[in-house]
$ cat structure08.cif   # mmCIF, C-alpha atoms
data_my_file
loop_
_atom_site.group_PDB
_atom_site.id
_atom_site.type_symbol
_atom_site.label_atom_id
_atom_site.label_comp_id
_atom_site.auth_asym_id
_atom_site.auth_seq_id
_atom_site.Cartn_x
_atom_site.Cartn_y
_atom_site.Cartn_z
ATOM 1 C CA MET A 1 52.342 8.167 -22.290
ATOM 2 C CA ILE A 2 50.347 4.945 -22.666
ATOM 3 C CA MET A 3 50.171 4.581 -18.878
ATOM 4 C CA LYS A 4 48.744 8.107 -18.558
ATOM 5 C CA ARG A 5 46.043 7.307 -21.133
ATOM 6 C CA ILE A 6 45.141 4.042 -19.397
ATOM 7 C CA ALA A 7 44.996 5.819 -16.038
ATOM 8 C CA LEU A 8 42.818 8.579 -17.515
ATOM 9 C CA ILE A 9 40.477 6.034 -19.120
ATOM 10 C CA LEU A 10 40.193 4.120 -15.832
ATOM 11 C CA ILE A 11 39.418 7.301 -13.881
ATOM 12 C CA MET A 12 36.785 8.345 -16.424
ATOM 13 C CA ALA A 13 35.210 4.870 -16.395
ATOM 14 C CA THR A 14 35.063 4.876 -12.587
ATOM 15 C CA VAL A 15 33.489 8.339 -12.467
ATOM 16 C CA TYR A 16 30.962 7.318 -15.126
ATOM 17 C CA ALA A 17 30.079 4.042 -13.403
ATOM 18 C CA THR A 18 29.632 5.555 -9.941
ATOM 19 C CA GLY A 19 28.005 8.760 -11.118
ATOM 20 C CA CYS A 20 25.191 7.092 -13.055
ATOM 21 C CA THR A 21 23.630 5.157 -10.213
ATOM 22 C CA LYS A 22 21.094 7.300 -8.476
ATOM 23 C CA THR A 23 18.917 5.717 -5.841
ATOM 24 C CA GLU A 24 15.552 7.311 -5.396
ATOM 25 C CA PRO A 25 14.199 7.277 -1.844
ATOM 26 C CA THR A 26 11.146 5.101 -1.300
ATOM 27 C CA ARG A 27 8.067 7.262 -1.118
ATOM 28 C CA THR A 28 6.087 7.290 2.113
ATOM 29 C CA ASP A 29 2.771 8.514 0.728
ATOM 30 C CA GLY A 30 0.729 8.526 -2.427
ATOM 31 C CA THR A 31 -2.407 7.329 -4.152
ATOM 32 C CA ASP A 32 -2.494 3.774 -5.479
ATOM 33 C CA THR A 33 -4.960 1.202 -6.772
ATOM 34 C CA ILE A 34 -5.202 -2.521 -6.093
ATOM 35 C CA ASP A 35 -7.569 -5.109 -7.519
ATOM 36 C CA ASN A 36 -8.393 -8.772 -7.043
ATOM 37 C CA ILE A 37 -7.299 -10.141 -10.427
ATOM 38 C CA THR A 38 -5.782 -13.614 -10.077
ATOM 39 C CA TYR A 39 -2.756 -14.464 -12.229
ATOM 40 C CA GLN A 40 -1.166 -17.824 -12.933
ATOM 41 C CA SER A 41 2.372 -18.953 -13.625
ATOM 42 C CA SER A 42 3.307 -22.225 -11.958
ATOM 43 C CA THR A 43 0.866 -21.232 -9.196
ATOM 44 C CA TYR A 44 -1.908 -18.710 -8.647
ATOM 45 C CA TYR A 45 -1.109 -15.258 -7.249
ATOM 46 C CA VAL A 46 -2.522 -11.764 -6.870
ATOM 47 C CA TYR A 47 -0.999 -8.349 -6.339
ATOM 48 C CA GLY A 48 -1.491 -6.487 -3.102
ATOM 49 C CA PHE A 49 0.137 -3.347 -1.785
ATOM 50 C CA SER A 50 3.240 -2.980 0.366
ATOM 51 C CA PHE A 51 3.414 0.268 2.325
ATOM 52 C CA SER A 52 7.129 -0.134 3.111
ATOM 53 C CA LYS A 53 7.978 -0.732 -0.560
ATOM 54 C CA ALA A 54 5.363 1.775 -1.769
ATOM 55 C CA LYS A 55 4.252 -0.440 -4.633
ATOM 56 C CA LEU A 56 2.206 -3.399 -5.773
ATOM 57 C CA VAL A 57 3.732 -6.684 -4.616
ATOM 58 C CA SER A 58 2.874 -10.246 -5.642
ATOM 59 C CA THR A 59 1.735 -12.803 -3.093
ATOM 60 C CA LEU A 60 4.641 -14.906 -4.391
ATOM 61 C CA ASP A 61 7.174 -12.291 -3.198
ATOM 62 C CA ASP A 62 8.947 -12.502 0.147
ATOM 63 C CA PRO A 63 7.970 -10.424 1.957
ATOM 64 C CA GLY A 64 4.532 -10.303 0.443
ATOM 65 C CA PRO A 65 2.076 -7.425 0.355
ATOM 66 C CA ASP A 66 0.689 -5.733 3.452
ATOM 67 C CA ILE A 67 -2.880 -5.561 2.166
ATOM 68 C CA LEU A 68 -4.912 -7.568 -0.343
ATOM 69 C CA LEU A 69 -8.302 -6.763 -1.844
ATOM 70 C CA TYR A 70 -10.952 -9.437 -1.554
ATOM 71 C CA VAL A 71 -14.507 -9.624 -2.928
ATOM 72 C CA ASN A 72 -16.483 -11.381 -0.207
ATOM 73 C CA GLN A 73 -18.636 -13.896 -2.093
ATOM 74 C CA ASP A 74 -20.309 -15.025 1.151
ATOM 75 C CA THR A 75 -22.348 -11.840 1.482
ATOM 76 C CA GLN A 76 -25.331 -10.923 -0.650
ATOM 77 C CA ASP A 77 -23.787 -7.586 -1.641
ATOM 78 C CA LYS A 78 -20.406 -9.253 -2.376
ATOM 79 C CA ARG A 79 -18.749 -6.453 -0.454
ATOM 80 C CA LEU A 80 -15.099 -5.497 -0.754
ATOM 81 C CA THR A 81 -12.691 -6.083 2.115
ATOM 82 C CA LEU A 82 -9.013 -5.470 2.712
ATOM 83 C CA GLN A 83 -7.089 -8.236 4.409
ATOM 84 C CA SER A 84 -3.550 -8.709 5.621
ATOM 85 C CA ASN A 85 -1.339 -11.740 5.869
ATOM 86 C CA ASN A 86 0.568 -10.909 9.045
ATOM 87 C CA LEU A 87 -1.423 -13.112 11.453
ATOM 88 C CA THR A 88 -2.439 -10.199 13.661
ATOM 89 C CA ALA A 89 -5.449 -7.911 13.827
ATOM 90 C CA SER A 90 -4.202 -4.971 11.757
ATOM 91 C CA PHE A 91 -7.045 -2.609 10.821
ATOM 92 C CA TYR A 92 -8.805 0.200 12.649
ATOM 93 C CA LYS A 93 -11.547 2.303 11.082
ATOM 94 C CA VAL A 94 -11.207 5.953 12.030
ATOM 95 C CA GLY A 95 -14.536 6.786 10.426
ATOM 96 C CA ASP A 96 -17.003 6.975 7.556
ATOM 97 C CA TYR A 97 -17.456 10.445 6.068
ATOM 98 C CA ALA A 98 -20.315 11.988 4.103
ATOM 99 C CA ASP A 99 -18.167 13.249 1.236
ATOM 100 C CA GLU A 100 -14.628 13.358 -0.117
ATOM 101 C CA ALA A 101 -13.897 16.785 1.374
ATOM 102 C CA SER A 102 -14.799 15.615 4.897
ATOM 103 C CA ALA A 103 -12.814 12.391 4.492
ATOM 104 C CA THR A 104 -9.800 14.273 3.126
ATOM 105 C CA ASN A 105 -9.939 16.713 6.025
ATOM 106 C CA ALA A 106 -10.097 13.861 8.565
ATOM 107 C CA PHE A 107 -7.284 12.010 6.776
ATOM 108 C CA TYR A 108 -4.887 14.962 6.812
ATOM 109 C CA ASN A 109 -5.813 15.966 10.372
ATOM 110 C CA LEU A 110 -5.080 12.452 11.654
ATOM 111 C CA THR A 111 -1.606 13.023 13.067
ATOM 112 C CA ASN A 112 -1.540 10.705 16.085
ATOM 113 C CA ILE A 113 -2.726 7.099 16.290
ATOM 114 C CA GLN A 114 -4.829 6.122 19.294
ATOM 115 C CA VAL A 115 -6.475 2.755 18.709
ATOM 116 C CA SER A 116 -8.886 1.107 21.119
ATOM 117 C CA GLY A 117 -9.194 -2.210 19.265
ATOM 118 C CA TRP A 118 -7.795 -3.680 16.052
ATOM 119 C CA LEU A 119 -9.861 -5.605 13.484
ATOM 120 C CA ASP A 120 -8.820 -8.655 11.464
ATOM 121 C CA MET A 121 -9.886 -7.019 8.194
ATOM 122 C CA ALA A 122 -11.210 -3.757 6.815
ATOM 123 C CA ASP A 123 -14.804 -4.801 6.148
ATOM 124 C CA PRO A 124 -16.544 -3.393 4.220
ATOM 125 C CA ILE A 125 -14.477 -0.773 2.451
ATOM 126 C CA LEU A 126 -16.338 2.129 0.900
ATOM 127 C CA PRO A 127 -15.353 5.509 -0.506
ATOM 128 C CA ASN A 128 -14.705 8.270 2.044
ATOM 129 C CA GLN A 129 -13.541 5.994 4.843
ATOM 130 C CA VAL A 130 -10.325 6.575 6.782
ATOM 131 C CA TRP A 131 -8.435 3.578 8.192
ATOM 132 C CA ILE A 132 -5.236 2.832 10.093
ATOM 133 C CA TYR A 133 -3.152 -0.223 9.252
ATOM 134 C CA ARG A 134 -0.574 -1.863 11.554
ATOM 135 C CA THR A 135 2.129 -3.998 9.911
ATOM 136 C CA GLY A 136 3.448 -7.223 11.413
ATOM 137 C CA ASN A 137 6.442 -5.319 12.799
ATOM 138 C CA ASP A 138 4.348 -2.503 14.328
ATOM 139 C CA HIS A 139 4.774 0.194 11.725
ATOM 140 C CA TYR A 140 1.707 2.205 10.782
ATOM 141 C CA ALA A 141 -0.030 3.522 7.711
ATOM 142 C CA LYS A 142 -3.134 5.637 7.446
ATOM 143 C CA PHE A 143 -5.238 5.428 4.324
ATOM 144 C CA MET A 144 -8.387 6.916 2.876
ATOM 145 C CA ILE A 145 -10.596 5.031 0.438
ATOM 146 C CA VAL A 146 -10.925 7.291 -2.608
ATOM 147 C CA SER A 147 -13.018 5.001 -4.835
ATOM 148 C CA THR A 148 -14.059 1.390 -5.293
ATOM 149 C CA VAL A 149 -15.293 -0.781 -8.135
ATOM 150 C CA ASN A 150 -17.361 -3.853 -7.317
ATOM 151 C CA GLU A 151 -18.820 -5.594 -10.361
ATOM 152 C CA THR A 152 -18.881 -8.777 -12.390
ATOM 153 C CA ARG A 153 -16.529 -8.981 -15.367
ATOM 154 C CA ASP A 154 -16.672 -11.975 -17.684
ATOM 155 C CA GLY A 155 -18.668 -13.862 -15.040
ATOM 156 C CA ILE A 156 -16.040 -13.259 -12.335
ATOM 157 C CA ALA A 157 -16.396 -10.975 -9.305
ATOM 158 C CA TYR A 158 -14.080 -8.016 -9.841
ATOM 159 C CA GLY A 159 -13.030 -5.558 -7.171
ATOM 160 C CA GLU A 160 -10.807 -2.499 -7.279
ATOM 161 C CA CYS A 161 -9.846 0.023 -4.616
ATOM 162 C CA THR A 162 -8.051 3.342 -5.004
ATOM 163 C CA PHE A 163 -6.670 4.751 -1.769
ATOM 164 C CA ARG A 164 -4.587 7.684 -0.563
ATOM 165 C CA TRP A 165 -2.022 6.660 2.045
ATOM 166 C CA VAL A 166 0.797 7.781 4.329
ATOM 167 C CA TYR A 167 3.280 5.296 5.832
ATOM 168 C CA GLN A 168 5.304 5.928 8.988
ATOM 169 C CA PRO A 169 8.603 4.040 8.393
ATOM 170 C CA ASP A 170 10.117 4.874 11.789
ATOM 171 C CA GLY A 171 7.467 2.902 13.695
ATOM 172 C CA SER A 172 6.128 5.900 15.586
ATOM 173 C CA ALA A 173 2.409 6.534 15.965
ATOM 174 C CA THR A 174 2.674 10.096 14.684
ATOM 175 C CA PHE A 175 2.048 11.313 11.138
ATOM 176 C CA PRO A 176 2.930 14.706 9.719
ATOM 177 C CA GLY A 177 -0.015 17.095 9.364
ATOM 178 C CA LYS A 178 -0.819 18.930 6.172
#

$ encode --input "structure08.cif" --output "structure tokens"
Amino acid sequence: MIMKRIALILIMATVYATGCTKTEPTRTDGTDTIDNITYQSSTYYVYGFSFSKAKLVSTLDDPGPDILLYVNQDTQDKRLTLQSNNLTASFYKVGDYADEASATNAFYNLTNIQVSGWLDMADPILPNQVWIYRTGNDHYAKFMIVSTVNETRDGIAYGECTFRWVYQPDGSATFPGK
């Protein structure tokens, strides 16, 4: 009798333990925002965005983010740029569009990547642009700049970029249409 109870308790505990872990698939598209705020622990770091992880990632993480936002202090307009840390030219601008509707249409109609030349950074980034990003291991993401903030806060240059994106985790140069 005691053995049956112990066996029943063990079965129930196993079912409970294995039934409660649900792994959500990593998303392959979305709308996210990055900024250039610098944080400090034992060293300085910022958060960028990782397309493969679909989230903000610290520059202290390994692997680090795919893209980082930078306020270019060397230009009079202190323009915003996106940069990568993969030691390869990774950006291609598909185009600048007059309004959000045109940019959205171009973004969703971009289903096949054909790039004539990659750039070291996305410079400058402005609303209603569509870009392609190539990771260090030749996976691709397309993204559309939805909005930007470029201002001074507490005497420090502050930048923020909201973008809509789609990541192609299989490494192909084809994106689903919408």

$ closest_residue --input "structure08.cif" --among "A:Thr111, A:Ser147, A:Ala103, A:Gly117" --to "A:Gln129" --atoms "all atoms listed in the file"
A:Ala103

$ atom_distance --input "structure08.cif" --atom1 "atom CA of A:Ser41" --atom2 "atom CA of A:Gly64"
16.7 Å

$ residues_around --input "structure08.cif" --residues "A:Cys161" --least-positions-apart "4" --cutoff "9 Å" --atoms "all atoms listed in the file" --output "PyMOL selection string"
chain A and resi 32-35+69+80+125-127+145-150

$ residues_around --input "structure08.cif" --residues "A:Asp138" --least-positions-apart "5" --cutoff "12 Å" --atoms "all atoms listed in the file" --output "number ranges by chain"
A: 52, 66, 86, 88-91, 132-133, 167-173

$ resolve_selection --input "structure08.cif" --expression "the PyMOL selection byres ((chain A and resi 27) around 12)" --output "mmCIF file with C-alpha atoms, in the coordinates of the input"
data_model
loop_
_atom_site.group_PDB
_atom_site.id
_atom_site.type_symbol
_atom_site.label_atom_id
_atom_site.label_comp_id
_atom_site.auth_asym_id
_atom_site.auth_seq_id
_atom_site.Cartn_x
_atom_site.Cartn_y
_atom_site.Cartn_z
ATOM 1 C CA THR A 23 18.917 5.717 -5.841
ATOM 2 C CA GLU A 24 15.552 7.311 -5.396
ATOM 3 C CA PRO A 25 14.199 7.277 -1.844
ATOM 4 C CA THR A 26 11.146 5.101 -1.300
ATOM 5 C CA THR A 28 6.087 7.290 2.113
ATOM 6 C CA ASP A 29 2.771 8.514 0.728
ATOM 7 C CA GLY A 30 0.729 8.526 -2.427
ATOM 8 C CA THR A 31 -2.407 7.329 -4.152
ATOM 9 C CA ASP A 32 -2.494 3.774 -5.479
ATOM 10 C CA SER A 50 3.240 -2.980 0.366
ATOM 11 C CA PHE A 51 3.414 0.268 2.325
ATOM 12 C CA SER A 52 7.129 -0.134 3.111
ATOM 13 C CA LYS A 53 7.978 -0.732 -0.560
ATOM 14 C CA ALA A 54 5.363 1.775 -1.769
ATOM 15 C CA LYS A 55 4.252 -0.440 -4.633
ATOM 16 C CA TRP A 165 -2.022 6.660 2.045
ATOM 17 C CA VAL A 166 0.797 7.781 4.329
ATOM 18 C CA TYR A 167 3.280 5.296 5.832
ATOM 19 C CA GLN A 168 5.304 5.928 8.988
ATOM 20 C CA PRO A 169 8.603 4.040 8.393
#

$ residues_around --input "structure08.cif" --residues "A:Ala122" --least-positions-apart "5" --cutoff "7 Å" --atoms "only C-alpha atoms" --output "list of chain:residue names"
A:Thr81, A:Leu82, A:Gln83, A:Phe91

$ resolve_selection --input "structure08.cif" --expression "the PyMOL selection byres ((chain A and resi 94) around 6)" --output "ChimeraX atom specification"
/A:93,95,130-131

$ atom_distance --input "structure08.cif" --atom1 "atom CA of A:Ile156" --atom2 "atom CA of A:Ile37"
9.5 Å

$ build_atoms --input "structure08.cif" --residues "stretch 35-56 of chain A" --atoms "N, CA and C atoms" --output "PDB file, in the frame of the given file"
ATOM      1  N   ASP A  35      -6.383  -4.368  -7.083  1.00  0.00           N
ATOM      2  CA  ASP A  35      -7.569  -5.109  -7.519  1.00  0.00           C
ATOM      3  C   ASP A  35      -7.430  -6.561  -7.092  1.00  0.00           C
ATOM      4  N   ASN A  36      -8.406  -7.367  -7.457  1.00  0.00           N
ATOM      5  CA  ASN A  36      -8.393  -8.772  -7.043  1.00  0.00           C
ATOM      6  C   ASN A  36      -8.143  -9.734  -8.204  1.00  0.00           C
ATOM      7  N   ILE A  37      -7.549  -9.275  -9.278  1.00  0.00           N
ATOM      8  CA  ILE A  37      -7.299 -10.141 -10.427  1.00  0.00           C
ATOM      9  C   ILE A  37      -6.310 -11.237 -10.033  1.00  0.00           C
ATOM     10  N   THR A  38      -6.642 -12.466 -10.367  1.00  0.00           N
ATOM     11  CA  THR A  38      -5.782 -13.614 -10.077  1.00  0.00           C
ATOM     12  C   THR A  38      -4.973 -13.944 -11.332  1.00  0.00           C
ATOM     13  N   TYR A  39      -3.670 -14.121 -11.145  1.00  0.00           N
ATOM     14  CA  TYR A  39      -2.756 -14.464 -12.229  1.00  0.00           C
ATOM     15  C   TYR A  39      -2.257 -15.885 -12.004  1.00  0.00           C
ATOM     16  N   GLN A  40      -1.685 -16.469 -13.069  1.00  0.00           N
ATOM     17  CA  GLN A  40      -1.166 -17.824 -12.933  1.00  0.00           C
ATOM     18  C   GLN A  40       0.156 -17.955 -13.674  1.00  0.00           C
ATOM     19  N   SER A  41       1.125 -18.507 -12.984  1.00  0.00           N
ATOM     20  CA  SER A  41       2.372 -18.953 -13.625  1.00  0.00           C
ATOM     21  C   SER A  41       2.436 -20.432 -13.291  1.00  0.00           C
ATOM     22  N   SER A  42       3.321 -20.832 -12.425  1.00  0.00           N
ATOM     23  CA  SER A  42       3.307 -22.225 -11.958  1.00  0.00           C
ATOM     24  C   SER A  42       2.314 -22.376 -10.812  1.00  0.00           C
ATOM     25  N   THR A  43       1.870 -21.251 -10.262  1.00  0.00           N
ATOM     26  CA  THR A  43       0.866 -21.232  -9.196  1.00  0.00           C
ATOM     27  C   THR A  43       0.027 -19.963  -9.336  1.00  0.00           C
ATOM     28  N   TYR A  44      -1.051 -19.884  -8.603  1.00  0.00           N
ATOM     29  CA  TYR A  44      -1.908 -18.710  -8.647  1.00  0.00           C
ATOM     30  C   TYR A  44      -1.371 -17.629  -7.714  1.00  0.00           C
ATOM     31  N   TYR A  45      -1.533 -16.366  -8.100  1.00  0.00           N
ATOM     32  CA  TYR A  45      -1.109 -15.258  -7.249  1.00  0.00           C
ATOM     33  C   TYR A  45      -1.914 -14.012  -7.589  1.00  0.00           C
ATOM     34  N   VAL A  46      -1.902 -13.069  -6.672  1.00  0.00           N
ATOM     35  CA  VAL A  46      -2.522 -11.764  -6.870  1.00  0.00           C
ATOM     36  C   VAL A  46      -1.521 -10.704  -6.445  1.00  0.00           C
ATOM     37  N   TYR A  47      -1.823  -9.465  -6.776  1.00  0.00           N
ATOM     38  CA  TYR A  47      -0.999  -8.349  -6.339  1.00  0.00           C
ATOM     39  C   TYR A  47      -1.728  -7.604  -5.233  1.00  0.00           C
ATOM     40  N   GLY A  48      -1.000  -7.332  -4.179  1.00  0.00           N
ATOM     41  CA  GLY A  48      -1.491  -6.487  -3.102  1.00  0.00           C
ATOM     42  C   GLY A  48      -0.564  -5.289  -3.016  1.00  0.00           C
ATOM     43  N   PHE A  49      -0.678  -4.543  -1.932  1.00  0.00           N
ATOM     44  CA  PHE A  49       0.137  -3.347  -1.785  1.00  0.00           C
ATOM     45  C   PHE A  49       1.024  -3.454  -0.562  1.00  0.00           C
ATOM     46  N   SER A  50       2.282  -3.050  -0.736  1.00  0.00           N
ATOM     47  CA  SER A  50       3.240  -2.980   0.366  1.00  0.00           C
ATOM     48  C   SER A  50       3.495  -1.516   0.695  1.00  0.00           C
ATOM     49  N   PHE A  51       3.176  -1.120   1.921  1.00  0.00           N
ATOM     50  CA  PHE A  51       3.414   0.268   2.325  1.00  0.00           C
ATOM     51  C   PHE A  51       4.908   0.559   2.430  1.00  0.00           C
ATOM     52  N   SER A  52       5.686  -0.384   2.944  1.00  0.00           N
ATOM     53  CA  SER A  52       7.129  -0.134   3.111  1.00  0.00           C
ATOM     54  C   SER A  52       7.853  -0.063   1.772  1.00  0.00           C
ATOM     55  N   LYS A  53       7.371  -0.784   0.773  1.00  0.00           N
ATOM     56  CA  LYS A  53       7.978  -0.732  -0.560  1.00  0.00           C
ATOM     57  C   LYS A  53       7.299   0.298  -1.457  1.00  0.00           C
ATOM     58  N   ALA A  54       6.128   0.765  -1.037  1.00  0.00           N
ATOM     59  CA  ALA A  54       5.363   1.775  -1.769  1.00  0.00           C
ATOM     60  C   ALA A  54       5.022   1.327  -3.183  1.00  0.00           C
ATOM     61  N   LYS A  55       4.603   0.062  -3.304  1.00  0.00           N
ATOM     62  CA  LYS A  55       4.252  -0.440  -4.633  1.00  0.00           C
ATOM     63  C   LYS A  55       3.433  -1.720  -4.530  1.00  0.00           C
ATOM     64  N   LEU A  56       2.901  -2.125  -5.689  1.00  0.00           N
ATOM     65  CA  LEU A  56       2.206  -3.399  -5.773  1.00  0.00           C
ATOM     66  C   LEU A  56       3.221  -4.527  -5.634  1.00  0.00           C
TER      67      LEU A  56
END
